[in-house]
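Structure data (compact mmCIF, C-alpha atoms) from entry.txt:
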```
# COMPACT_ATOMS: atom_id res chain seq x y z
CA MET P 1414 -77.24 83.28 -2.85
CA PRO P 1415 -78.84 83.49 -6.26
CA ARG P 1416 -81.31 86.25 -6.98
CA ASP P 1417 -84.91 85.47 -6.13
CA SER P 1418 -86.34 84.02 -9.34
CA PHE P 1419 -89.93 84.15 -8.04
CA GLU P 1420 -90.11 87.84 -7.18
CA ASP P 1421 -93.83 88.12 -7.89
CA ALA P 1422 -94.86 84.84 -6.30
CA SER P 1423 -96.43 84.88 -2.85
CA ASP P 1424 -94.82 83.01 0.02
CA ASP P 1425 -97.84 80.71 0.01
CA ALA P 1426 -97.39 79.81 -3.65
CA LEU P 1427 -93.67 79.24 -3.18
CA LEU P 1428 -94.35 76.93 -0.27
CA VAL P 1429 -96.65 74.83 -2.46
CA LEU P 1430 -93.93 74.65 -5.11
CA TYR P 1431 -91.43 73.71 -2.42
CA ALA P 1432 -93.69 70.92 -1.20
CA ASN P 1433 -93.88 69.66 -4.78
CA GLY P 1434 -90.12 69.28 -4.91
CA ASP P 1435 -89.12 72.54 -6.63
CA VAL P 1436 -85.53 73.28 -5.56
CA ALA P 1437 -85.65 76.84 -6.93
CA ALA P 1438 -88.59 77.52 -4.60
CA ALA P 1439 -86.49 76.24 -1.69
CA ARG P 1440 -83.78 78.74 -2.61
CA SER P 1441 -86.22 81.61 -2.97
CA LEU P 1442 -87.94 80.93 0.32
CA THR P 1443 -84.59 80.67 2.09
CA ALA P 1444 -83.41 83.97 0.63
CA ARG P 1445 -86.70 85.68 1.38
CA LEU P 1446 -87.53 84.40 4.86
CA THR P 1447 -84.20 83.86 6.63
CA PRO P 1448 -83.40 87.61 7.00
CA LYS P 1449 -86.83 88.29 8.50
CA VAL P 1450 -86.70 85.34 10.88
CA PHE P 1451 -83.12 85.96 11.94
CA GLY P 1452 -83.61 89.72 12.30
CA HIS P 1453 -86.61 89.27 14.55
CA ALA P 1454 -84.88 86.64 16.69
CA PHE P 1455 -81.76 88.81 16.98
CA ARG P 1456 -83.74 91.84 18.13
CA MET P 1457 -85.68 89.76 20.61
CA LEU P 1458 -82.59 88.09 22.08
CA GLY P 1459 -79.76 90.53 21.33
CA ASP P 1460 -77.43 87.63 20.60
CA ARG P 1461 -76.40 86.48 17.11
CA ALA P 1462 -75.54 82.89 17.99
CA GLU P 1463 -78.82 82.37 19.81
CA ALA P 1464 -80.72 84.11 17.02
CA GLU P 1465 -79.11 81.83 14.42
CA ASP P 1466 -80.24 78.74 16.33
CA ILE P 1467 -83.77 80.10 16.63
CA ALA P 1468 -83.94 81.09 12.95
CA GLN P 1469 -82.72 77.69 11.78
CA GLU P 1470 -85.16 75.88 14.07
CA ALA P 1471 -88.12 78.04 13.01
CA LEU P 1472 -87.42 77.40 9.34
CA ILE P 1473 -86.96 73.67 9.91
CA ARG P 1474 -90.49 73.70 11.33
CA LEU P 1475 -91.71 75.49 8.23
CA TRP P 1476 -90.06 72.97 5.89
CA LYS P 1477 -91.69 70.14 7.81
CA GLN P 1478 -95.05 71.89 7.75
CA ALA P 1479 -94.93 72.57 4.00
CA PRO P 1480 -96.73 69.41 2.77
CA ASN P 1481 -99.67 70.18 5.09
CA TRP P 1482 -99.72 73.94 4.50
CA ARG P 1483 -103.21 75.26 3.81
CA GLN P 1484 -103.05 78.09 1.34
CA GLY P 1485 -104.91 81.23 2.31
CA GLU P 1486 -105.39 80.35 5.97
CA ALA P 1487 -102.42 82.22 7.42
CA LYS P 1488 -99.56 84.27 6.03
CA VAL P 1489 -96.31 82.36 6.03
CA THR P 1490 -94.50 85.26 7.71
CA THR P 1491 -97.20 85.58 10.40
CA TRP P 1492 -96.85 81.87 11.16
CA LEU P 1493 -93.06 82.20 11.27
CA TYR P 1494 -93.08 85.24 13.55
CA ARG P 1495 -95.28 83.29 15.95
CA VAL P 1496 -92.89 80.35 15.93
CA VAL P 1497 -89.92 82.68 16.46
CA ALA P 1498 -91.71 84.45 19.31
CA ASN P 1499 -92.46 81.14 21.03
CA LEU P 1500 -88.91 79.89 20.59
CA CYS P 1501 -87.51 83.19 21.90
CA THR P 1502 -89.84 83.07 24.89
CA ASP P 1503 -88.68 79.56 25.73
CA ARG P 1504 -85.06 80.62 25.34
CA LEU P 1505 -85.48 83.74 27.46
CA ARG P 1506 -87.22 81.79 30.22
CA ARG P 1507 -84.41 79.26 30.31
CA THR P 1508 -81.68 81.90 30.46
CA ARG P 1509 -83.48 84.77 32.14
CA GLY P 1510 -81.07 85.17 35.08
CA VAL P 1511 -77.99 84.94 32.93
CA ALA P 1512 -79.37 87.23 30.24
CA LEU P 1513 -80.26 90.00 32.64
CA ASP P 1514 -76.89 89.80 34.33
CA ALA P 1515 -75.19 89.93 30.98
CA VAL P 1516 -76.83 93.21 30.00
CA PRO P 1517 -74.50 96.05 30.98
CA GLU P 1518 -75.92 99.09 32.69
CA PRO P 1519 -75.37 101.84 30.14
CA GLU P 1520 -75.55 104.81 32.53
CA ASP P 1521 -72.90 103.40 34.84
CA ASP P 1522 -70.50 102.13 32.25
CA ALA P 1523 -68.75 105.03 30.55
CA VAL P 1524 -66.19 102.78 28.83
CA SER P 1525 -68.74 100.55 27.10
CA ALA P 1526 -70.77 103.62 26.13
CA ALA P 1527 -67.70 105.18 24.52
CA GLU P 1528 -66.98 101.97 22.62
CA ALA P 1529 -70.60 101.78 21.54
CA MET P 1530 -70.35 105.33 20.19
CA GLN P 1531 -67.61 104.16 17.89
CA ASN P 1532 -69.27 100.96 16.84
CA GLN P 1533 -72.92 101.32 15.93
CA ALA P 1534 -73.58 103.19 19.12
CA ARG P 1535 -77.18 103.96 18.42
CA THR P 1536 -78.18 100.50 17.34
CA ASP P 1537 -76.46 98.98 20.31
CA ALA P 1538 -78.06 101.47 22.65
CA LEU P 1539 -81.49 100.68 21.26
CA GLN P 1540 -80.85 96.95 21.58
CA LEU P 1541 -79.73 97.36 25.18
CA ALA P 1542 -82.85 99.35 25.95
CA LEU P 1543 -85.05 96.81 24.15
CA ASN P 1544 -83.51 94.02 26.21
CA GLN P 1545 -84.72 95.76 29.36
CA LEU P 1546 -88.36 95.94 28.28
CA PRO P 1547 -90.91 93.36 29.38
CA GLU P 1548 -91.01 90.64 26.76
CA ARG P 1549 -94.45 91.42 25.31
CA GLN P 1550 -93.72 95.13 25.02
CA LYS P 1551 -90.41 94.37 23.36
CA GLN P 1552 -92.04 92.03 20.85
CA ALA P 1553 -94.79 94.52 20.00
CA VAL P 1554 -92.34 97.41 19.57
CA ILE P 1555 -89.99 95.35 17.39
CA LEU P 1556 -92.80 94.07 15.17
CA ARG P 1557 -94.43 97.50 14.81
CA HIS P 1558 -91.53 99.90 14.62
CA ILE P 1559 -88.62 97.84 13.28
CA GLU P 1560 -90.22 95.05 11.26
CA GLY P 1561 -92.89 97.51 10.15
CA LEU P 1562 -95.90 95.20 10.47
CA ALA P 1563 -99.46 96.46 10.74
CA ASN P 1564 -101.27 96.21 14.07
CA PRO P 1565 -103.80 93.54 12.94
CA GLU P 1566 -100.98 91.23 11.86
CA ILE P 1567 -99.12 91.84 15.12
CA ALA P 1568 -102.33 91.05 16.99
CA GLU P 1569 -102.53 87.74 15.13
CA ILE P 1570 -98.89 86.92 15.83
CA MET P 1571 -99.20 87.77 19.52
CA ASP P 1572 -102.68 86.26 19.84
CA VAL P 1573 -104.18 89.41 21.34
CA GLY P 1574 -106.56 92.13 20.16
CA VAL P 1575 -105.52 95.17 18.16
CA GLU P 1576 -106.17 97.44 21.16
CA ALA P 1577 -103.81 95.37 23.26
CA VAL P 1578 -101.13 95.77 20.57
CA GLU P 1579 -101.60 99.54 20.58
CA SER P 1580 -101.31 99.59 24.35
CA LEU P 1581 -98.19 97.38 24.36
CA THR P 1582 -96.41 99.45 21.70
CA ALA P 1583 -97.30 102.74 23.42
CA ARG P 1584 -96.05 101.52 26.79
CA GLY P 1585 -92.97 100.04 25.18
CA LYS P 1586 -92.11 103.29 23.45
CA ARG P 1587 -92.56 105.26 26.64
CA ALA P 1588 -90.27 102.85 28.49
CA LEU P 1589 -87.67 103.06 25.72
CA ALA P 1590 -87.78 106.86 25.81
CA LYS P 1591 -87.19 106.78 29.53
CA LEU P 1592 -84.33 104.31 29.25
CA LEU P 1593 -82.61 106.30 26.51
CA ALA P 1594 -83.33 109.79 27.84
CA GLY P 1595 -80.08 109.91 29.79
CA ARG P 1596 -78.07 109.02 26.69
CA LYS P 1597 -79.33 111.65 24.27
CA ASP P 1598 -76.07 113.61 24.23
CA GLU P 1599 -74.01 110.50 23.97
CA LEU P 1600 -76.06 109.31 21.01
CA GLY P 1601 -75.87 112.65 19.22
CA TYR P 1602 -79.41 113.90 19.87
CA SER P 1603 -78.58 116.82 22.15
CA ASP P 1604 -79.84 119.36 19.64
CA GLY P 1605 -82.98 117.51 18.65
CA MET F 341 -87.85 112.20 22.04
CA ASP F 342 -90.20 110.61 19.49
CA ASP F 343 -87.92 111.80 16.70
CA MET F 344 -84.96 110.17 18.39
CA LEU F 345 -86.81 106.87 18.79
CA ASN F 346 -88.07 106.90 15.22
CA ASN F 347 -84.54 107.60 14.05
CA LEU F 348 -83.17 104.72 16.11
CA PHE F 349 -85.83 102.36 14.77
CA GLU F 350 -84.98 103.40 11.23
CA GLU F 351 -81.26 102.75 11.77
CA ALA F 352 -81.99 99.42 13.46
CA ARG F 353 -83.96 98.31 10.39
CA GLY F 354 -80.84 98.41 8.24
CA ALA F 355 -78.34 97.37 10.90
CA PRO F 356 -75.85 94.79 9.65
CA ASP F 357 -75.98 93.00 13.00
CA ALA F 358 -79.54 91.99 12.28
CA ALA F 359 -78.66 90.51 8.88
CA PRO F 360 -77.99 86.77 8.66
CA GLY F 361 -74.49 85.61 7.76
CA ASP F 362 -73.67 83.45 4.75
CA ASP F 363 -73.10 80.48 7.02
CA LEU F 364 -76.66 80.62 8.38
CA MET F 365 -78.09 81.07 4.88
CA ALA F 366 -76.20 77.97 3.73
CA ARG F 367 -77.39 75.93 6.72
CA VAL F 368 -80.99 76.95 6.21
CA LEU F 369 -80.85 76.08 2.52
CA ALA F 370 -79.26 72.72 3.30
CA ASP F 371 -82.12 72.00 5.74
CA ALA F 372 -84.68 73.09 3.15
CA ILE F 373 -83.32 70.72 0.53
CA ALA F 374 -82.79 67.84 2.98
CA LEU F 375 -86.37 68.13 4.27
CA GLN F 376 -87.98 68.83 0.91
CA PRO F 377 -90.72 66.32 0.16
CA VAL F 378 -89.94 64.03 -2.75
CA PRO F 379 -92.74 64.35 -5.30
CA ALA F 380 -94.68 61.15 -5.73
CA VAL F 381 -93.86 59.57 -9.10
CA VAL F 382 -96.97 58.34 -10.85
CA ALA F 383 -95.89 55.17 -12.65
CA ASP F 384 -97.22 54.63 -16.19
CA ARG F 385 -99.92 52.01 -16.24
CA PRO F 386 -98.56 48.92 -17.99
CA ARG F 387 -100.00 48.61 -21.48
CA ARG F 388 -102.05 45.44 -21.92
CA SER F 389 -102.56 43.66 -25.20
CA LEU F 390 -106.04 42.66 -26.40
CA MET F 391 -105.17 38.99 -25.96
CA ARG F 392 -104.01 39.65 -22.43
CA ALA F 393 -107.24 41.54 -21.67
CA ILE F 394 -109.32 38.62 -22.96
CA PHE F 395 -107.14 36.14 -21.09
CA ASP F 396 -107.70 38.09 -17.86
CA ALA F 397 -111.43 38.49 -18.57
CA VAL F 398 -112.05 34.74 -18.73
CA GLY F 399 -110.26 34.15 -15.47
CA GLY F 400 -106.58 33.73 -16.25
CA TRP F 401 -104.99 30.31 -16.61
CA GLN F 402 -107.71 28.44 -14.73
CA GLY F 403 -110.55 29.97 -16.68
CA THR F 404 -108.72 29.55 -19.96
CA SER F 405 -107.90 25.88 -19.36
CA GLY F 406 -111.55 25.19 -18.47
CA LEU F 407 -112.63 26.99 -21.59
CA VAL F 408 -110.18 24.99 -23.72
CA ALA F 409 -111.34 21.69 -22.17
CA ALA F 410 -114.98 22.55 -22.83
CA THR F 411 -114.15 23.51 -26.41
CA MET F 412 -112.24 20.29 -27.03
CA ALA F 413 -115.08 18.25 -25.55
CA SER F 414 -117.53 19.95 -27.90
CA VAL F 415 -115.31 19.23 -30.87
CA TRP F 416 -115.00 15.56 -29.88
CA ILE F 417 -118.74 15.21 -29.43
CA GLY F 418 -119.24 16.75 -32.83
CA PHE F 419 -116.89 14.33 -34.53
CA ALA F 420 -117.95 11.27 -32.56
CA GLY F 421 -121.61 11.81 -33.31
CA THR F 422 -121.15 12.47 -37.02
CA ASP F 423 -121.47 8.86 -38.29
CA THR F 424 -124.49 7.77 -36.33
CA LEU F 425 -126.39 10.96 -36.04
CA THR F 426 -125.76 13.30 -38.84
CA LEU F 427 -125.14 11.11 -41.85
CA GLU F 428 -127.44 8.19 -41.03
CA GLY F 429 -130.05 10.53 -39.66
CA LEU F 430 -129.84 12.68 -42.77
CA GLN F 431 -130.09 9.62 -45.06
CA ALA F 432 -133.08 8.39 -43.08
CA VAL F 433 -134.84 11.71 -43.55
CA VAL F 434 -133.91 12.18 -47.21
CA GLY F 435 -134.18 8.52 -48.26
CA GLY F 436 -137.38 6.54 -48.60
CA ASP F 437 -136.80 4.33 -45.63
CA THR F 438 -138.48 6.71 -43.26
CA ASP F 439 -141.63 4.93 -42.22
CA TYR F 440 -141.61 4.11 -38.58
CA TYR F 441 -144.52 2.60 -36.80
CA LEU F 442 -145.33 2.41 -33.12
CA SER F 443 -144.92 -1.31 -33.23
CA ASP F 444 -141.34 -0.84 -34.39
CA LEU F 445 -140.58 0.92 -31.13
CA GLY F 446 -141.71 -2.09 -29.07
CA GLY F 447 -144.57 -2.39 -26.59
CA ASP F 448 -148.21 -3.18 -27.23
CA PHE F 449 -149.48 0.21 -28.24
CA SER F 450 -152.46 -1.11 -30.17
CA PHE F 451 -153.79 -2.63 -26.96
CA THR F 452 -153.25 0.67 -25.13
CA ILE F 453 -155.12 2.53 -27.82
CA GLU F 454 -158.00 0.11 -27.77
CA GLU F 455 -158.18 0.31 -23.99
CA GLY F 456 -157.98 4.12 -23.99
```
Turn this file's structure into structure tokens for me.
Amino acid sequence: MPRDSFEDASDDALLVLYANGDVAAARSLTARLTPKVFGHAFRMLGDRAEAEDIAQEALIRLWKQAPNWRQGEAKVTTWLYRVVANLCTDRLRRTRGVALDAVPEPEDDAVSAAEAMQNQARTDALQLALNQLPERQKQAVILRHIEGLANPEIAEIMDVGVEAVESLTARGKRALAKLLAGRKDELGYSDG
Amino acid sequence: MDDMLNNLFEEARGAPDAAPGDDLMARVLADAIALQPVPAVVADRPRRSLMRAIFDAVGGWQGTSGLVAATMASVWIGFAGTDTLTLEGLQAVVGGDTDYYLSDLGGDFSFTIEEG
């Protein structure tokens, strides 16, 4: 992927260029937005193949929306996170039973825990714990603490107030702490 | 426990699992290019000559043929009337044979005058 040649340009401006037929803008937007969209979908679903489908679909919607995009009304990333969230929600609702069954119980599975220790144990453990959170808490925690978005933007993405975001992230963190408490030693936090 | 969570979040941010593969990047770019709007090409306005502009202004072929017919009729009238009107009329004015009387025009005008 070529280096972003529009480093200083906003996503909005690039989208206008894209809509005007600028192929370089298409490349820049792809390079800039795909990691964000895929990363968020992956953390929400915990499955690369599913996350790839969601990311591709979300960006297809953006490309189609480009000619009608109104500059200054919404951030491109905010719009995309909303689309990803909706697509993930649909996907999770369709596969809820299967997805929950597919999540291994970390406390009871010493073999998978040992394997996880060798292969990105901490990240996997976090993902497993995230997968067990209620969907809204998971989304808020991911957006706030992993994607690093500010609460007002998260509120816009989730269509709730800022106070609700604070409440969701606080409850989500507490639930994560509880889920991971029994694995502190295993994850190398016994001294901390 | 907060430290542990913050540490896990930090590691998750840079986790390779959450990075898209080359295959996805290529697919997304292919979609972007396939769905990219084609810019509307504004065609140059055809340049019109002065004669063409005049031709159009008088109504195209129909207007022009009417105009030509009217012009030709005027020319014919001009030529046809030359012998009887212009030359003879001019001689009559310039020459001495210019006295016309009411009786020359016919009718009994003298009677009408006397009556009136």
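Distance annotation: of P:Arg1445, P:Lys1591, P:Lys1477, P:Arg1584, the residue with the minimal separation from Ala374 of chain F is P:Lys1477; atom set is only C-alpha atoms.
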Residues at most 9 Å from Ile1570 of chain P, counting only C-alpha atoms, excluding those fewer than 2 positions away in the same chain, as a PDB file with C-alpha atoms, in the frame of the given file?
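Generated output (part-v1.pdb):
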```pdb
ATOM      1  CA  THR P1491     -97.200  85.580  10.400  1.00  0.00           C
ATOM      2  CA  TRP P1492     -96.850  81.870  11.160  1.00  0.00           C
ATOM      3  CA  LEU P1493     -93.060  82.200  11.270  1.00  0.00           C
ATOM      4  CA  TYR P1494     -93.080  85.240  13.550  1.00  0.00           C
ATOM      5  CA  ARG P1495     -95.280  83.290  15.950  1.00  0.00           C
ATOM      6  CA  VAL P1496     -92.890  80.350  15.930  1.00  0.00           C
ATOM      7  CA  ALA P1498     -91.710  84.450  19.310  1.00  0.00           C
ATOM      8  CA  PRO P1565    -103.800  93.540  12.940  1.00  0.00           C
ATOM      9  CA  GLU P1566    -100.980  91.230  11.860  1.00  0.00           C
ATOM     10  CA  ILE P1567     -99.120  91.840  15.120  1.00  0.00           C
ATOM     11  CA  ALA P1568    -102.330  91.050  16.990  1.00  0.00           C
ATOM     12  CA  ASP P1572    -102.680  86.260  19.840  1.00  0.00           C
ATOM     13  CA  VAL P1573    -104.180  89.410  21.340  1.00  0.00           C
TER      14      VAL P1573
END
```
Write out as CSV a residue-level contact list of chain F versus chain P with cut-off 12 Å: for each qualifying residue the closest pair of atoms and the distance in Å to one decimal, counting all atoms listed in the file, rows sorted by chain and residue number upward.
```
residue,atom,partner,partner_atom,distance
F:Met341,CA,P:Ala1590,CA,6.5
F:Asp342,CA,P:Ala1590,CA,7.7
F:Asp343,CA,P:Gly1605,CA,7.8
F:Met344,CA,P:Tyr1602,CA,6.8
F:Leu345,CA,P:Ala1590,CA,7.1
F:Asn346,CA,P:His1558,CA,7.8
F:Asn347,CA,P:Arg1535,CA,9.3
F:Leu348,CA,P:Arg1535,CA,6.5
F:Phe349,CA,P:Ile1559,CA,5.5
F:Glu350,CA,P:Ile1559,CA,7.0
F:Glu351,CA,P:Thr1536,CA,6.8
F:Ala352,CA,P:Thr1536,CA,5.5
F:Arg353,CA,P:Ile1559,CA,5.5
F:Gly354,CA,P:Ile1559,CA,9.3
F:Ala355,CA,P:Thr1536,CA,7.2
F:Pro356,CA,P:Gln1533,CA,9.5
F:Asp357,CA,P:Arg1461,CA,7.7
F:Ala358,CA,P:Gly1452,CA,4.7
F:Ala359,CA,P:Pro1448,CA,5.9
F:Pro360,CA,P:Pro1448,CA,5.7
F:Gly361,CA,P:Glu1465,CA,8.9
F:Asp362,CA,P:Met1414,CA,8.4
F:Asp363,CA,P:Glu1465,CA,9.6
F:Leu364,CA,P:Glu1465,CA,6.6
F:Met365,CA,P:Thr1447,CA,6.9
F:Ala366,CA,P:Met1414,CA,8.5
F:Arg367,CA,P:Gln1469,CA,7.6
F:Val368,CA,P:Gln1469,CA,5.9
F:Leu369,CA,P:Thr1443,CA,5.9
F:Ala370,CA,P:Ala1439,CA,9.5
F:Asp371,CA,P:Ile1473,CA,6.6
F:Ala372,CA,P:Trp1476,CA,6.0
F:Ile373,CA,P:Ala1439,CA,6.7
F:Ala374,CA,P:Trp1476,CA,9.4
F:Leu375,CA,P:Trp1476,CA,6.3
F:Gln376,CA,P:Gly1434,CA,6.2
F:Pro377,CA,P:Ala1432,CA,5.6
F:Val378,CA,P:Gly1434,CA,5.7
F:Pro379,CA,P:Asn1433,CA,5.5
F:Ala380,CA,P:Asn1433,CA,8.6
F:Val381,CA,P:Asn1433,CA,11.0
```
Have a look at atom CA of Leu1592 of chain P and atom CA of Val1575 of chain P and let me know their distance in Å, one decimal. 25.6 Å
